[in-house]
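Reviewing the structure listed below.
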Amino acid sequence: MVSYIVTGGTGFLGRRVVAALLERDPQAVIHALVREASVAKLREMAAGWGAEDRVFPLVGDLAAPSLGLQGVEELGYAGAAPHADHVVHLGAVYDMTADEEVTYAANVAGTRAVVDLSRAIGAMLHHVSSVAVAGDHKGKFFEDDFDLGQGLHSPYHRTKFEGEKLVREAAGLRWRVYRPAIVVGDSQTGEMDKIDGPYYFFPAIAGLSALPAELPIPLPDLGATNIVPVDYVVAAMVELINKPGLAGRTFHLTNPEPQPFTEIYNALARAAGAPTAAVTLPGSHAALHALGGLPGVPTVRDFLLERFGIPAEVAPHTAFESEFVSESTRAQLRGTGIEVPPFEDYAATLWKYWRANLDPDRARRVDGERLEGRIVLITGASTGIGLATAHAVAKRGATVLMVARTPEDLEAAAAEVRAESGAAQAYTCDITDEKSVELLVKQVLADYGHVDYVVNNAGRSIRRSVLNSTDRMHDFERTMAVNYFGAVRLILALLPSMRERRFGHFVNISSIAVQTKVPRFAAYVASKSALDNFSEIAAVENADAGITFTSVRMPLVRTAMIAPTDLYKSIPVHSPEMAADIVVRALEHRPSRIDTPIGTFAQFVDTVMPSVKRAILAQGFRMFGESKAAKPGVVPVPEGTEPAVEVVEKRESRSPLLALAPIVQPLMGLPAPAARFTNRIPGLHW
């Protein structure tokens, strides 16, 4: 029975090496050094391999003194660690963007402790180094080469060099060193666990796929790199670990030939459907190198790289000045069938996996119908515009999360959507209550993992003049609580998860009154204007993460709420279904704003003839008096039972258009019948 101690055994490379060692030797026993928090993960992996009785956690920490092993001070490594024939040291910080202190703790101090452990228990140490130890060495770099006076220009390069040096110079230690090149995903499945190395360039290539694939583009000469798939590295390592008589040897797990960047780009571009490089600009490699030495140029270069999402620490180290010779390694692997596949043979596999699992913008992509498969949350969804919108998006293949305050009405509405249109789930929530919104978002994210779209439809509309509101400050507070604070509360609660996915869209159902500023709607217009301005600023600040906002300045909509008002019956208004179509347009196309011609015209008049607009609005204010419920002297109505003509508890109508119709019609030179006719012409709403 062969026994191993493995560091980094739960990492991307490590777990594959452990699985391969177990498969190669059914009697092998492996102790994996893991933190306490990773013990459960290791046991789950062992169960997946069917090796619960052969894989055991060795609780410790690579970056801690003496590997954090319990009892090492009293017993020494030999007493605190199990016996092992081999120590496979895969644990390290591979992140080029990590700082020197973190990188040193794992790659140097951690390696020193692993050397001490291996020597104490008499095990063969298999140290995974990197071709990064070659630094800026120009020319061939052989497997036996190490310190050739090369420059080491990053914490990663320096710490990998120091770690390997500790292994090579350790007295009384039996060792082997493995130097992989840049490791990418599996050549058969494309599987990769993180964005690293060449993957940082994938989004830029994806962006170029918008251009015609037949368009030839010139590329600068960026030199050559060296890339190998993870399955080759694992197979080669396990084969070499199990070969006797190789102590003191170093193995280059690299591509046999340098790979020009143009070839790498072209293979990925073909997979992405992007234009390929027809030519490499001669002399550009030397020119770029010379430019990099000019004052200010590196700063500009790093800024441009960051704009493309490429860390400045990564780009300079993806090309190698060295040519890594691997003849000795390939000789040891001859006859095993273990060879490095050509990059062009598996580039499409890498691309497909990245696009489906690692592309930071994958949530933004539209495959098929725009709303198909999306998660859409709608507030005020039990009636009116909210319910009509729920039906509309469910019919387009979205899953609708319907939110409202009253459980009975909400459950009935959700059942109706499920029966007639598609998938819907009801969530009771009062958006004016902070705890209620917090619980809503936690539950939704637990149930679905994310939300793609939010329709802030719930709202409150109050029609009362400022003079008659002097003793009703609560009207303004309650309107703001729903229309502004409630919507903002939901936006803030969902924003972090949307930023993590780099996609999200908020549709705020605003009103034409924000543009017309008609009298008697001071509380309502102020609250909606606040939300509009908040969203415009939030949109700018979150644009880099793919978070967008649409404000829909909705006209009057015919719902049950407006039925008691006789004047509304003679005005052509939208149906809830027409309003829902507008919301769907906002969801599918994500414009920053959707206005009506009347609202736009009112804004124009306000800009060029503000005094004229004020005079017309004043005339309208005198023409249409206060509602009976809003007049002084009326017996107060108990809290929460105001008549519908005065207070709208749900977002069901846009009553500000009541005063707007007789005002705008004369401005447009249209008699009332003509205005009613044009409002019915398809497409003239926008």
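Lettering and numbering for the structure tokens are positional, with chains as A, B, ... in the shown order, residues counted from 1 in each chain, and ligands counted from 1 in the shown order.
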
- Residues of segment 460-632 of chain A in strand (DSSP E or B) according to DSSP, as a count of residues only? 22

- In segment 129-177 of chain A, DSSP helix (DSSP H, G or I) residues written as a list in words: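 Going through segment 129-177 of chain A, the helix (DSSP H, G or I) residues come out as Val131, Ala132, Val133, Ala134, Pro155, Tyr156, His157, Arg158, Thr159, Lys160, Phe161, Glu162, Gly163, Glu164, Lys165, Leu166, Val167, Arg168 and Glu169 of chain A.
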
- Message: Set the distance at 10 Å and use only C-alpha atoms: which residues neighbour segment 34-44 of chain A once local chain neighbours fewer than 3 positions away are removed? I'd like the list as an MDAnalysis selection string.
- Response: chainID A and resid 6:10 15 31 47:52 55:62 67:68 91

- Quick one: pull the distance between atom CA of Asn226 of chain A and atom CA of Phe251 of chain A, Å, one decimal.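 Interatomic distance here is 14.9 Å.
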
- Between A:Ala413, A:Ile338, A:Ala481, A:Met498, smallest distance to Lys528 of chain A by only C-alpha atoms belongs to A:Ala481
